[in-house]
Each structure stands twice: as C-alpha cells, then as structure tokens.
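Inspection log for the structure reproduced underneath, given as structure tokens.
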Amino acid sequence: MKDDNFFELAGRRFKSRLIVGTGKYRDFAETRAAIEASGAEIVTVAVRRVNITDASKENLLDYIDPKRYQILPNTAGCYTVEEAVRTCRLAREAGVGDMVKLEVIGDQQTLFPDVPGTIEAARILAKEGFKVLPYITDDPVTCLRLAELGCAAVMPLAAPIGSGMGIRNPYNLRIILEQAKVPVIVDAGVGTASDAAEAMELGCDGLLVNSAIAGARDPIAMGTAMKMAVEAGRIAYLAGRIEMKLYATASSPLNGLIR
C-alpha cells in the first residue's frame with residue numbers, strides 16, 4: 001500500500017480527508033464537540049448564515065480555533081454570480097483566508113447548482129487568486145472545465161443537499177475520478193457512515209459532510225462514525241477490492257486435497 005499519510009489540497013497538507021460543515025447544530029458548543037469527534041481539520045462555514053466576521057457578536061470562531069482548523073468559508077445561500085463573488089471577497093477581507101467553497105444555487109427546491117453561474121464565478125475568483133472548491137453536479141464535463149479554469153478541487157454532489165440519499169450515480173463519479181487533474185471531494189447527499197465509506201472506496205480524495213452529522217440523533221457519535229468510515233474507505237481503496245463475480249470461487253486451495 002502506498003504512503004497515504006497526507007491529503008493535499010490547494011498546496012496544503014491535512015491528515016484527515018473529512019471536511020465538516022457547521023450548520024444545523026443546536027448550538028456552537030455541540031458544533032465544536034461534533035467537529036472534534038470527527039477528527040476533521042477543515043471546517044466549512046456559510047458566511048451569509050453564520051457569524052465569523054463580526055467580533056462584537058457571538059462568533060463561531062470563539063468555538064472553532066482558526067489556528068487549529070482550516071476555516072473554509074462557503075457561499076451557501078447565494079443564487080447569483082455577483083452574490084457568490086462578493087461573499088468570497090468579504091471572507092478574505094475579514095482575514096478568513098483565500099480558500100473558499102463556491103456555491104451558486106440554481107433552484108430553491110432542489111438546491112442544485114447553477115452550472116453556468118458556478119463556472120463564471122469560479123473563473124472570476126480564480127483570476128483573483130482564490131483557491132476555489134466548487135460545489136457542482138456529478139457531470140464529468142463540467143468538472144473537467146472547472147479544473148481547467150484553475151479550481152483547487154471539484155466537489156460533485158452525491159445527491160441533493162441534505163437528502164441523505166447517499167451516492168446515486170457512482171458511474172459518473174468514476175469517470176470524474178478517471179479524468180481528474182485536481183482532488184475530487186464528494187459534497188452533499190451523504191446520509192450515514194456507509195455512504196462515506198463508499199465514496200472513499202471509489203477513490204474520492206475527500207468528503208464533505210454536514211447534515212448527516214448535525215441532524216443525527218447523536219451528532220458526536222455520528223462524527224466519530226464518519227471519521228472511521230472515511231479512514232476505512234480510503235484504506236480499502238488503496239488495498240484494492242476483489243473482482244465481483246457471478247459465481248462462487250472456493251476460498252480454500254483445491255490442490256493437495258486428500259482423495
């Protein structure tokens with residue numbers, strides 16, 4: 001098995017391949033406990049919904065130490081290119097950093113991304129020196145275009161945001177992985193630990209989870225489960241699974257049998 005000690009993203013190294021969100025928890029204390037249980041080193045924050053820029057109010061960064069975690073601002077809730085770009089600029093001006101998760105939502109009901117809008121916003125942000133991680137459909141051509149624009153990674157959805165349906169189209173993900181020139185991070189739709197393991201077993205470089213942890217009956221326990229699933233899935237991918245066959249194959253050797 002090859003050396004797999006680090007996850008490299010935007011020129012930085014991380015031990016954990018799990019990225020976690022900060023929405024939908026009961027309070028910031030529970031958020032912190034679940035993140036600690038997950039072992040994640042990258043924490044994504046919706047700049048338009050969670051306070052990380054105003055120090056005079058209750059601030060998530062009082063609970064999540066930026067010296068310990070890589071804060072990944074995201075543009076959740078943005079429906080136009082202009083909103084998304086402005087939100088990223090605001091986060092950078094606030095000193096949060098230049099690595100951003102880009103979301104340009106195209107539909108309120110499904111929360112699917114606006115593909116042309118995402119590509120345009122990524123083009124603008126990449127030219128401005130941002131390390132862009134775009135949330136996008138599981139479309140191989142779109143992922144290829146975003147990588148060619150200079151995105152630091154691509155983040156195809158597994159299923160609609162918050163749906164918990166797991167990976168609906170592993171075949172497209174396999175094509176994306178075959179063509180990928182940047183890390184592939186599955187984003188959205190994960191429901192439980194087995195979904196996380198499946199994504200990693202396919203060869204994905206990382207996984208972003210929010211709702212599946214925050215919405216669990218015990219978010220701290222689910223954070224632990226996701227940590228273990230991501231680690232196990234990655235090791236299984238590196239180990240290489242056996243070929244699937246229609247018929248049985250004896251697990252014990254046939255030579256040397258007593259006759």
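Residues are referred to by chain and number: the chain letter is A, B, ... according to the order shown in the structure tokens, the number counts from 1 in that chain, and ligands are numbered separately from 1 in the order shown.
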message = Show me, as an NGL selection string, the residues that have an atom within 6 Å of Asp114 of chain A when counting only C-alpha atoms, minus same-chain residues fewer than 6 positions from it.
response = :A and (104-106)
Take the residues from that selection and put them in a file with N, CA, C and O atoms, as a PDB file, in the first residue's frame.
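Now in out.pdb:
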```
ATOM      1  N   VAL A 104     -23.136  28.387  -6.149  1.00  0.00           N
ATOM      2  CA  VAL A 104     -24.107  29.272  -6.805  1.00  0.00           C
ATOM      3  C   VAL A 104     -25.324  28.396  -7.056  1.00  0.00           C
ATOM      4  O   VAL A 104     -25.319  27.525  -7.935  1.00  0.00           O
ATOM      5  N   ILE A 105     -26.357  28.597  -6.253  1.00  0.00           N
ATOM      6  CA  ILE A 105     -27.536  27.732  -6.298  1.00  0.00           C
ATOM      7  C   ILE A 105     -28.469  28.156  -7.436  1.00  0.00           C
ATOM      8  O   ILE A 105     -28.718  29.338  -7.642  1.00  0.00           O
ATOM      9  N   GLY A 106     -28.991  27.168  -8.153  1.00  0.00           N
ATOM     10  CA  GLY A 106     -29.842  27.467  -9.300  1.00  0.00           C
ATOM     11  C   GLY A 106     -31.324  27.261  -9.068  1.00  0.00           C
ATOM     12  O   GLY A 106     -32.144  27.738  -9.849  1.00  0.00           O
TER      13      GLY A 106
END
```
message = Excluding segment 171-179 of chain A and its own-chain neighbours fewer than 2 positions away, which residues fall within 8 Å of it when counting only C-alpha atoms? Please give them as a list in words.
response =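 Skipping anything fewer than 2 positions along the chain leaves Asp138, Asp139, Pro140, Cys143, Leu144, Pro156, Asn169, Lys181, Val184, Leu202, Gly203 and Cys204 of chain A.
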key: Among listed residues A:Ala232, A:Arg48, A:Gly164, A:Val85, nearest Ala216 of chain A (using only C-alpha atoms)   =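 Between A:Ala232, A:Arg48, A:Gly164, A:Val85, the residue approaching Ala216 of chain A most closely is A:Gly164.
With only C-alpha atoms as the atoms that count, the residue of A:Ser194, A:Gly21, A:Cys151, A:Ile124 with the shortest distance to Ala180 of chain A is A:Cys151.
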task = Could you please write out, as a list in words, every residue of segment 69-123 of chain A that DSSP assigns to helix (DSSP H, G or I)?
result =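 For segment 69-123 of chain A, the helix (DSSP H, G or I) set is Val81, Glu82, Glu83, Ala84, Val85, Arg86, Thr87, Cys88, Arg89, Leu90, Ala91, Arg92, Glu93, Val115, Pro116, Gly117, Thr118, Ile119, Glu120, Ala121, Ala122 and Arg123 of chain A.
Across the structure, atom CA of Gly77 of chain A and atom CA of Arg89 of chain A are spaced 15.4 Å apart.
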key: Residue among A:Gly162, A:Gly240, A:Gly233, A:Gly11 lying closest to Gly215 of chain A, counting only C-alpha atoms   =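 Of A:Gly162, A:Gly240, A:Gly233, A:Gly11, the one nearest Gly215 of chain A, counting only C-alpha atoms, is A:Gly162.
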task = Write out as a list in words each polymer residue whose atoms come within 10 Å of Pro116 of chain A, counting only C-alpha atoms; drop sequence neighbours fewer than 4 positions from it.
result = Val81, Val104, Gly106, Glu120, Ala121, Ala122 and Thr142 of chain A
inquiry  = Let me make sure I understand: among A:Leu208, A:Ile19, A:Val190, A:Val96, which one has the smallest atom-to-atom distance to Leu61 of chain A if we use only C-alpha atoms?
reply    =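 The answer is A:Val96, which sits nearest to Leu61 of chain A.
Between Ile42 of chain A and the residues A:Glu82, A:Glu8, A:Glu243, A:Asp218, the shortest atom-to-atom distance, using only C-alpha atoms, involves A:Glu8.
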With DSSP run on the backbone, what are the strand (DSSP E) residues within segment 18-257 of chain A? I'd like them as a PDB file with all heavy atoms, in the first residue's frame.
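Output saved as selection-v7.pdb:
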```pdb
ATOM      1  N   LEU A  18     -11.730  14.190   5.786  1.00  0.00           N
ATOM      2  CA  LEU A  18     -13.112  14.563   6.075  1.00  0.00           C
ATOM      3  C   LEU A  18     -13.206  16.063   6.326  1.00  0.00           C
ATOM      4  O   LEU A  18     -12.471  16.612   7.154  1.00  0.00           O
ATOM      5  CB  LEU A  18     -13.616  13.797   7.297  1.00  0.00           C
ATOM      6  CG  LEU A  18     -15.037  14.098   7.775  1.00  0.00           C
ATOM      7  CD1 LEU A  18     -16.070  13.769   6.701  1.00  0.00           C
ATOM      8  CD2 LEU A  18     -15.331  13.322   9.058  1.00  0.00           C
ATOM      9  N   ILE A  19     -14.089  16.717   5.593  1.00  0.00           N
ATOM     10  CA  ILE A  19     -14.398  18.132   5.796  1.00  0.00           C
ATOM     11  C   ILE A  19     -15.801  18.194   6.388  1.00  0.00           C
ATOM     12  O   ILE A  19     -16.701  17.499   5.919  1.00  0.00           O
ATOM     13  CB  ILE A  19     -14.352  18.908   4.470  1.00  0.00           C
ATOM     14  CG1 ILE A  19     -12.976  18.760   3.806  1.00  0.00           C
ATOM     15  CG2 ILE A  19     -14.686  20.378   4.685  1.00  0.00           C
ATOM     16  CD1 ILE A  19     -12.918  19.310   2.390  1.00  0.00           C
ATOM     17  N   VAL A  20     -15.998  18.999   7.411  1.00  0.00           N
ATOM     18  CA  VAL A  20     -17.313  19.052   8.044  1.00  0.00           C
ATOM     19  C   VAL A  20     -17.881  20.469   8.021  1.00  0.00           C
ATOM     20  O   VAL A  20     -17.149  21.456   8.046  1.00  0.00           O
ATOM     21  CB  VAL A  20     -17.273  18.527   9.499  1.00  0.00           C
ATOM     22  CG1 VAL A  20     -16.953  17.046   9.510  1.00  0.00           C
ATOM     23  CG2 VAL A  20     -16.267  19.291  10.332  1.00  0.00           C
ATOM     24  N   GLY A  21     -19.206  20.530   7.968  1.00  0.00           N
ATOM     25  CA  GLY A  21     -19.899  21.802   7.994  1.00  0.00           C
ATOM     26  C   GLY A  21     -20.295  22.198   9.398  1.00  0.00           C
ATOM     27  O   GLY A  21     -20.131  21.434  10.357  1.00  0.00           O
ATOM     28  N   ILE A  42     -10.524  20.576   8.363  1.00  0.00           N
ATOM     29  CA  ILE A  42     -11.104  21.642   7.540  1.00  0.00           C
ATOM     30  C   ILE A  42     -12.567  21.775   7.914  1.00  0.00           C
ATOM     31  O   ILE A  42     -13.308  20.789   7.922  1.00  0.00           O
ATOM     32  CB  ILE A  42     -10.972  21.337   6.039  1.00  0.00           C
ATOM     33  CG1 ILE A  42      -9.518  21.034   5.671  1.00  0.00           C
ATOM     34  CG2 ILE A  42     -11.509  22.500   5.213  1.00  0.00           C
ATOM     35  CD1 ILE A  42      -9.339  20.593   4.230  1.00  0.00           C
ATOM     36  N   VAL A  43     -12.976  22.987   8.236  1.00  0.00           N
ATOM     37  CA  VAL A  43     -14.342  23.255   8.688  1.00  0.00           C
ATOM     38  C   VAL A  43     -14.941  24.327   7.791  1.00  0.00           C
ATOM     39  O   VAL A  43     -14.390  25.430   7.680  1.00  0.00           O
ATOM     40  CB  VAL A  43     -14.350  23.719  10.157  1.00  0.00           C
ATOM     41  CG1 VAL A  43     -15.770  24.052  10.603  1.00  0.00           C
ATOM     42  CG2 VAL A  43     -13.725  22.671  11.056  1.00  0.00           C
ATOM     43  N   THR A  44     -16.062  24.010   7.151  1.00  0.00           N
ATOM     44  CA  THR A  44     -16.665  24.981   6.252  1.00  0.00           C
ATOM     45  C   THR A  44     -17.794  25.753   6.942  1.00  0.00           C
ATOM     46  O   THR A  44     -18.548  25.190   7.751  1.00  0.00           O
ATOM     47  CB  THR A  44     -17.170  24.297   4.963  1.00  0.00           C
ATOM     48  OG1 THR A  44     -17.642  25.294   4.055  1.00  0.00           O
ATOM     49  CG2 THR A  44     -18.270  23.297   5.243  1.00  0.00           C
ATOM     50  N   VAL A  45     -17.870  27.037   6.628  1.00  0.00           N
ATOM     51  CA  VAL A  45     -18.804  27.939   7.307  1.00  0.00           C
ATOM     52  C   VAL A  45     -19.539  28.777   6.262  1.00  0.00           C
ATOM     53  O   VAL A  45     -18.911  29.362   5.374  1.00  0.00           O
ATOM     54  CB  VAL A  45     -18.054  28.884   8.268  1.00  0.00           C
ATOM     55  CG1 VAL A  45     -19.032  29.801   8.981  1.00  0.00           C
ATOM     56  CG2 VAL A  45     -17.222  28.106   9.268  1.00  0.00           C
ATOM     57  N   ALA A  46     -20.858  28.823   6.373  1.00  0.00           N
ATOM     58  CA  ALA A  46     -21.664  29.654   5.479  1.00  0.00           C
ATOM     59  C   ALA A  46     -21.575  31.100   5.934  1.00  0.00           C
ATOM     60  O   ALA A  46     -22.152  31.474   6.956  1.00  0.00           O
ATOM     61  CB  ALA A  46     -23.118  29.179   5.478  1.00  0.00           C
ATOM     62  N   GLN A  70      -8.519  24.656   9.552  1.00  0.00           N
ATOM     63  CA  GLN A  70      -8.580  25.454   8.340  1.00  0.00           C
ATOM     64  C   GLN A  70     -10.042  25.855   8.133  1.00  0.00           C
ATOM     65  O   GLN A  70     -10.896  24.997   7.903  1.00  0.00           O
ATOM     66  CB  GLN A  70      -8.090  24.652   7.140  1.00  0.00           C
ATOM     67  CG  GLN A  70      -8.321  25.321   5.791  1.00  0.00           C
ATOM     68  CD  GLN A  70      -7.442  26.536   5.586  1.00  0.00           C
ATOM     69  OE1 GLN A  70      -6.231  26.458   5.744  1.00  0.00           O
ATOM     70  NE2 GLN A  70      -8.033  27.651   5.232  1.00  0.00           N
ATOM     71  N   ILE A  71     -10.332  27.132   8.256  1.00  0.00           N
ATOM     72  CA  ILE A  71     -11.695  27.611   8.049  1.00  0.00           C
ATOM     73  C   ILE A  71     -11.927  27.775   6.555  1.00  0.00           C
ATOM     74  O   ILE A  71     -11.166  28.450   5.854  1.00  0.00           O
ATOM     75  CB  ILE A  71     -11.938  28.948   8.777  1.00  0.00           C
ATOM     76  CG1 ILE A  71     -11.617  28.816  10.270  1.00  0.00           C
ATOM     77  CG2 ILE A  71     -13.380  29.403   8.564  1.00  0.00           C
ATOM     78  CD1 ILE A  71     -12.436  27.781  11.006  1.00  0.00           C
ATOM     79  N   LEU A  72     -12.981  27.138   6.070  1.00  0.00           N
ATOM     80  CA  LEU A  72     -13.323  27.171   4.652  1.00  0.00           C
ATOM     81  C   LEU A  72     -14.650  27.914   4.482  1.00  0.00           C
ATOM     82  O   LEU A  72     -15.726  27.321   4.628  1.00  0.00           O
ATOM     83  CB  LEU A  72     -13.437  25.739   4.113  1.00  0.00           C
ATOM     84  CG  LEU A  72     -13.816  25.567   2.641  1.00  0.00           C
ATOM     85  CD1 LEU A  72     -12.742  26.144   1.728  1.00  0.00           C
ATOM     86  CD2 LEU A  72     -14.061  24.092   2.320  1.00  0.00           C
ATOM     87  N   PRO A  73     -14.593  29.212   4.220  1.00  0.00           N
ATOM     88  CA  PRO A  73     -15.845  29.948   4.023  1.00  0.00           C
ATOM     89  C   PRO A  73     -16.568  29.443   2.784  1.00  0.00           C
ATOM     90  O   PRO A  73     -15.931  29.100   1.784  1.00  0.00           O
ATOM     91  CB  PRO A  73     -15.388  31.407   3.849  1.00  0.00           C
ATOM     92  CG  PRO A  73     -13.955  31.324   3.462  1.00  0.00           C
ATOM     93  CD  PRO A  73     -13.410  30.070   4.059  1.00  0.00           C
ATOM     94  N   ASN A  74     -17.892  29.385   2.855  1.00  0.00           N
ATOM     95  CA  ASN A  74     -18.652  28.965   1.680  1.00  0.00           C
ATOM     96  C   ASN A  74     -19.746  29.971   1.361  1.00  0.00           C
ATOM     97  O   ASN A  74     -20.108  30.806   2.188  1.00  0.00           O
ATOM     98  CB  ASN A  74     -19.214  27.547   1.852  1.00  0.00           C
ATOM     99  CG  ASN A  74     -20.342  27.451   2.843  1.00  0.00           C
ATOM    100  OD1 ASN A  74     -21.370  28.106   2.688  1.00  0.00           O
ATOM    101  ND2 ASN A  74     -20.177  26.628   3.863  1.00  0.00           N
ATOM    102  N   MET A  99      -8.973  30.279   0.562  1.00  0.00           N
ATOM    103  CA  MET A  99      -9.535  29.011   0.108  1.00  0.00           C
ATOM    104  C   MET A  99     -11.033  29.036   0.405  1.00  0.00           C
ATOM    105  O   MET A  99     -11.435  29.202   1.562  1.00  0.00           O
ATOM    106  CB  MET A  99      -8.857  27.825   0.792  1.00  0.00           C
ATOM    107  CG  MET A  99      -9.289  26.491   0.215  1.00  0.00           C
ATOM    108  SD  MET A  99      -8.187  25.104   0.609  1.00  0.00           S
ATOM    109  CE  MET A  99      -8.546  24.857   2.344  1.00  0.00           C
ATOM    110  N   VAL A 100     -11.853  28.889  -0.630  1.00  0.00           N
ATOM    111  CA  VAL A 100     -13.302  29.064  -0.477  1.00  0.00           C
ATOM    112  C   VAL A 100     -14.064  27.932  -1.149  1.00  0.00           C
ATOM    113  O   VAL A 100     -13.639  27.384  -2.165  1.00  0.00           O
ATOM    114  CB  VAL A 100     -13.773  30.412  -1.069  1.00  0.00           C
ATOM    115  CG1 VAL A 100     -13.187  31.583  -0.295  1.00  0.00           C
ATOM    116  CG2 VAL A 100     -13.411  30.516  -2.546  1.00  0.00           C
ATOM    117  N   LYS A 101     -15.189  27.580  -0.547  1.00  0.00           N
ATOM    118  CA  LYS A 101     -16.120  26.645  -1.181  1.00  0.00           C
ATOM    119  C   LYS A 101     -17.170  27.473  -1.907  1.00  0.00           C
ATOM    120  O   LYS A 101     -17.898  28.258  -1.299  1.00  0.00           O
ATOM    121  CB  LYS A 101     -16.784  25.740  -0.150  1.00  0.00           C
ATOM    122  CG  LYS A 101     -17.734  24.744  -0.791  1.00  0.00           C
ATOM    123  CD  LYS A 101     -18.639  24.066   0.213  1.00  0.00           C
ATOM    124  CE  LYS A 101     -19.715  23.292  -0.536  1.00  0.00           C
ATOM    125  NZ  LYS A 101     -20.778  22.813   0.349  1.00  0.00           N
ATOM    126  N   LEU A 102     -17.228  27.288  -3.220  1.00  0.00           N
ATOM    127  CA  LEU A 102     -18.118  28.088  -4.057  1.00  0.00           C
ATOM    128  C   LEU A 102     -19.436  27.365  -4.286  1.00  0.00           C
ATOM    129  O   LEU A 102     -19.455  26.218  -4.750  1.00  0.00           O
ATOM    130  CB  LEU A 102     -17.436  28.361  -5.402  1.00  0.00           C
ATOM    131  CG  LEU A 102     -18.297  29.040  -6.471  1.00  0.00           C
ATOM    132  CD1 LEU A 102     -18.720  30.435  -6.033  1.00  0.00           C
ATOM    133  CD2 LEU A 102     -17.530  29.091  -7.800  1.00  0.00           C
ATOM    134  N   LYS A 131      -8.395  30.119  -3.941  1.00  0.00           N
ATOM    135  CA  LYS A 131      -8.304  28.671  -4.119  1.00  0.00           C
ATOM    136  C   LYS A 131      -9.747  28.157  -4.077  1.00  0.00           C
ATOM    137  O   LYS A 131     -10.340  28.027  -3.014  1.00  0.00           O
ATOM    138  CB  LYS A 131      -7.479  28.028  -3.001  1.00  0.00           C
ATOM    139  CG  LYS A 131      -6.127  28.698  -2.764  1.00  0.00           C
ATOM    140  CD  LYS A 131      -5.209  28.561  -3.947  1.00  0.00           C
ATOM    141  CE  LYS A 131      -3.785  29.001  -3.620  1.00  0.00           C
ATOM    142  NZ  LYS A 131      -3.670  30.406  -3.203  1.00  0.00           N
ATOM    143  N   VAL A 132     -10.311  27.888  -5.238  1.00  0.00           N
ATOM    144  CA  VAL A 132     -11.750  27.657  -5.370  1.00  0.00           C
ATOM    145  C   VAL A 132     -12.076  26.170  -5.329  1.00  0.00           C
ATOM    146  O   VAL A 132     -11.501  25.368  -6.067  1.00  0.00           O
ATOM    147  CB  VAL A 132     -12.283  28.268  -6.681  1.00  0.00           C
ATOM    148  CG1 VAL A 132     -13.798  28.107  -6.770  1.00  0.00           C
ATOM    149  CG2 VAL A 132     -11.889  29.737  -6.788  1.00  0.00           C
ATOM    150  N   LEU A 133     -13.042  25.817  -4.462  1.00  0.00           N
ATOM    151  CA  LEU A 133     -13.567  24.454  -4.363  1.00  0.00           C
ATOM    152  C   LEU A 133     -15.055  24.531  -4.715  1.00  0.00           C
ATOM    153  O   LEU A 133     -15.884  24.854  -3.868  1.00  0.00           O
ATOM    154  CB  LEU A 133     -13.386  23.896  -2.949  1.00  0.00           C
ATOM    155  CG  LEU A 133     -12.005  23.383  -2.533  1.00  0.00           C
ATOM    156  CD1 LEU A 133     -10.970  24.502  -2.551  1.00  0.00           C
ATOM    157  CD2 LEU A 133     -12.081  22.787  -1.139  1.00  0.00           C
ATOM    158  N   PRO A 134     -15.429  24.258  -5.966  1.00  0.00           N
ATOM    159  CA  PRO A 134     -16.821  24.456  -6.384  1.00  0.00           C
ATOM    160  C   PRO A 134     -17.714  23.245  -6.132  1.00  0.00           C
ATOM    161  O   PRO A 134     -17.381  22.113  -6.489  1.00  0.00           O
ATOM    162  CB  PRO A 134     -16.690  24.718  -7.887  1.00  0.00           C
ATOM    163  CG  PRO A 134     -15.465  23.953  -8.287  1.00  0.00           C
ATOM    164  CD  PRO A 134     -14.539  23.961  -7.101  1.00  0.00           C
ATOM    165  N   TYR A 135     -18.865  23.508  -5.514  1.00  0.00           N
ATOM    166  CA  TYR A 135     -19.947  22.516  -5.409  1.00  0.00           C
ATOM    167  C   TYR A 135     -20.627  22.456  -6.763  1.00  0.00           C
ATOM    168  O   TYR A 135     -21.037  23.483  -7.318  1.00  0.00           O
ATOM    169  CB  TYR A 135     -20.923  22.954  -4.316  1.00  0.00           C
ATOM    170  CG  TYR A 135     -22.325  22.384  -4.428  1.00  0.00           C
ATOM    171  CD1 TYR A 135     -22.564  21.036  -4.178  1.00  0.00           C
ATOM    172  CD2 TYR A 135     -23.408  23.206  -4.757  1.00  0.00           C
ATOM    173  CE1 TYR A 135     -23.851  20.522  -4.277  1.00  0.00           C
ATOM    174  CE2 TYR A 135     -24.701  22.699  -4.846  1.00  0.00           C
ATOM    175  CZ  TYR A 135     -24.914  21.359  -4.613  1.00  0.00           C
ATOM    176  OH  TYR A 135     -26.183  20.856  -4.698  1.00  0.00           O
ATOM    177  N   ILE A 136     -20.744  21.233  -7.327  1.00  0.00           N
ATOM    178  CA  ILE A 136     -21.235  21.136  -8.694  1.00  0.00           C
ATOM    179  C   ILE A 136     -21.961  19.808  -8.884  1.00  0.00           C
ATOM    180  O   ILE A 136     -21.872  18.903  -8.046  1.00  0.00           O
ATOM    181  CB  ILE A 136     -20.040  21.280  -9.694  1.00  0.00           C
ATOM    182  CG1 ILE A 136     -20.520  21.587 -11.097  1.00  0.00           C
ATOM    183  CG2 ILE A 136     -19.124  20.056  -9.632  1.00  0.00           C
ATOM    184  CD1 ILE A 136     -21.235  22.911 -11.242  1.00  0.00           C
ATOM    185  N   MET A 155     -16.065  19.454  -6.452  1.00  0.00           N
ATOM    186  CA  MET A 155     -16.886  18.880  -5.389  1.00  0.00           C
ATOM    187  C   MET A 155     -18.241  18.440  -5.945  1.00  0.00           C
ATOM    188  O   MET A 155     -19.270  19.100  -5.731  1.00  0.00           O
ATOM    189  CB  MET A 155     -17.065  19.893  -4.261  1.00  0.00           C
ATOM    190  CG  MET A 155     -15.738  20.410  -3.709  1.00  0.00           C
ATOM    191  SD  MET A 155     -15.922  21.536  -2.306  1.00  0.00           S
ATOM    192  CE  MET A 155     -16.360  20.394  -0.997  1.00  0.00           C
ATOM    193  N   PRO A 156     -18.260  17.325  -6.672  1.00  0.00           N
ATOM    194  CA  PRO A 156     -19.541  16.837  -7.210  1.00  0.00           C
ATOM    195  C   PRO A 156     -20.457  16.327  -6.108  1.00  0.00           C
ATOM    196  O   PRO A 156     -19.995  15.737  -5.133  1.00  0.00           O
ATOM    197  CB  PRO A 156     -19.110  15.693  -8.137  1.00  0.00           C
ATOM    198  CG  PRO A 156     -17.806  15.220  -7.581  1.00  0.00           C
ATOM    199  CD  PRO A 156     -17.135  16.446  -7.036  1.00  0.00           C
ATOM    200  N   ILE A 185     -13.731  15.810  -4.284  1.00  0.00           N
ATOM    201  CA  ILE A 185     -14.304  15.763  -2.942  1.00  0.00           C
ATOM    202  C   ILE A 185     -15.816  15.649  -3.073  1.00  0.00           C
ATOM    203  O   ILE A 185     -16.466  16.551  -3.607  1.00  0.00           O
ATOM    204  CB  ILE A 185     -13.946  17.033  -2.143  1.00  0.00           C
ATOM    205  CG1 ILE A 185     -12.424  17.194  -2.060  1.00  0.00           C
ATOM    206  CG2 ILE A 185     -14.565  16.990  -0.748  1.00  0.00           C
ATOM    207  CD1 ILE A 185     -11.981  18.548  -1.540  1.00  0.00           C
ATOM    208  N   VAL A 186     -16.381  14.559  -2.617  1.00  0.00           N
ATOM    209  CA  VAL A 186     -17.833  14.378  -2.698  1.00  0.00           C
ATOM    210  C   VAL A 186     -18.507  15.324  -1.704  1.00  0.00           C
ATOM    211  O   VAL A 186     -18.131  15.395  -0.536  1.00  0.00           O
ATOM    212  CB  VAL A 186     -18.229  12.917  -2.413  1.00  0.00           C
ATOM    213  CG1 VAL A 186     -19.717  12.803  -2.122  1.00  0.00           C
ATOM    214  CG2 VAL A 186     -17.878  12.040  -3.597  1.00  0.00           C
ATOM    215  N   ASP A 187     -19.511  16.025  -2.190  1.00  0.00           N
ATOM    216  CA  ASP A 187     -20.177  17.044  -1.378  1.00  0.00           C
ATOM    217  C   ASP A 187     -21.684  16.919  -1.549  1.00  0.00           C
ATOM    218  O   ASP A 187     -22.183  16.968  -2.675  1.00  0.00           O
ATOM    219  CB  ASP A 187     -19.705  18.428  -1.832  1.00  0.00           C
ATOM    220  CG  ASP A 187     -20.379  19.556  -1.075  1.00  0.00           C
ATOM    221  OD1 ASP A 187     -20.913  19.300   0.016  1.00  0.00           O
ATOM    222  OD2 ASP A 187     -20.360  20.689  -1.576  1.00  0.00           O
ATOM    223  N   GLY A 206     -11.610  13.098  -0.899  1.00  0.00           N
ATOM    224  CA  GLY A 206     -12.146  13.598   0.353  1.00  0.00           C
ATOM    225  C   GLY A 206     -13.659  13.614   0.328  1.00  0.00           C
ATOM    226  O   GLY A 206     -14.296  13.251  -0.681  1.00  0.00           O
ATOM    227  N   LEU A 207     -14.223  14.063   1.431  1.00  0.00           N
ATOM    228  CA  LEU A 207     -15.675  14.031   1.607  1.00  0.00           C
ATOM    229  C   LEU A 207     -16.084  15.200   2.487  1.00  0.00           C
ATOM    230  O   LEU A 207     -15.433  15.478   3.504  1.00  0.00           O
ATOM    231  CB  LEU A 207     -16.069  12.720   2.283  1.00  0.00           C
ATOM    232  CG  LEU A 207     -17.547  12.450   2.510  1.00  0.00           C
ATOM    233  CD1 LEU A 207     -18.200  12.022   1.193  1.00  0.00           C
ATOM    234  CD2 LEU A 207     -17.732  11.349   3.541  1.00  0.00           C
ATOM    235  N   LEU A 208     -17.155  15.889   2.094  1.00  0.00           N
ATOM    236  CA  LEU A 208     -17.698  16.958   2.931  1.00  0.00           C
ATOM    237  C   LEU A 208     -19.052  16.523   3.470  1.00  0.00           C
ATOM    238  O   LEU A 208     -19.921  16.111   2.700  1.00  0.00           O
ATOM    239  CB  LEU A 208     -17.833  18.262   2.145  1.00  0.00           C
ATOM    240  CG  LEU A 208     -18.095  19.509   3.001  1.00  0.00           C
ATOM    241  CD1 LEU A 208     -17.576  20.764   2.304  1.00  0.00           C
ATOM    242  CD2 LEU A 208     -19.572  19.703   3.345  1.00  0.00           C
ATOM    243  N   VAL A 209     -19.218  16.618   4.783  1.00  0.00           N
ATOM    244  CA  VAL A 209     -20.456  16.194   5.442  1.00  0.00           C
ATOM    245  C   VAL A 209     -20.919  17.274   6.405  1.00  0.00           C
ATOM    246  O   VAL A 209     -20.121  17.799   7.182  1.00  0.00           O
ATOM    247  CB  VAL A 209     -20.245  14.877   6.227  1.00  0.00           C
ATOM    248  CG1 VAL A 209     -21.547  14.446   6.890  1.00  0.00           C
ATOM    249  CG2 VAL A 209     -19.727  13.775   5.322  1.00  0.00           C
TER     250      VAL A 209
END
```
key: Atomic separation - atom CA of Ala214 of chain A relative to atom CA of Glu36 of chain A, Å   = 13.0 Å
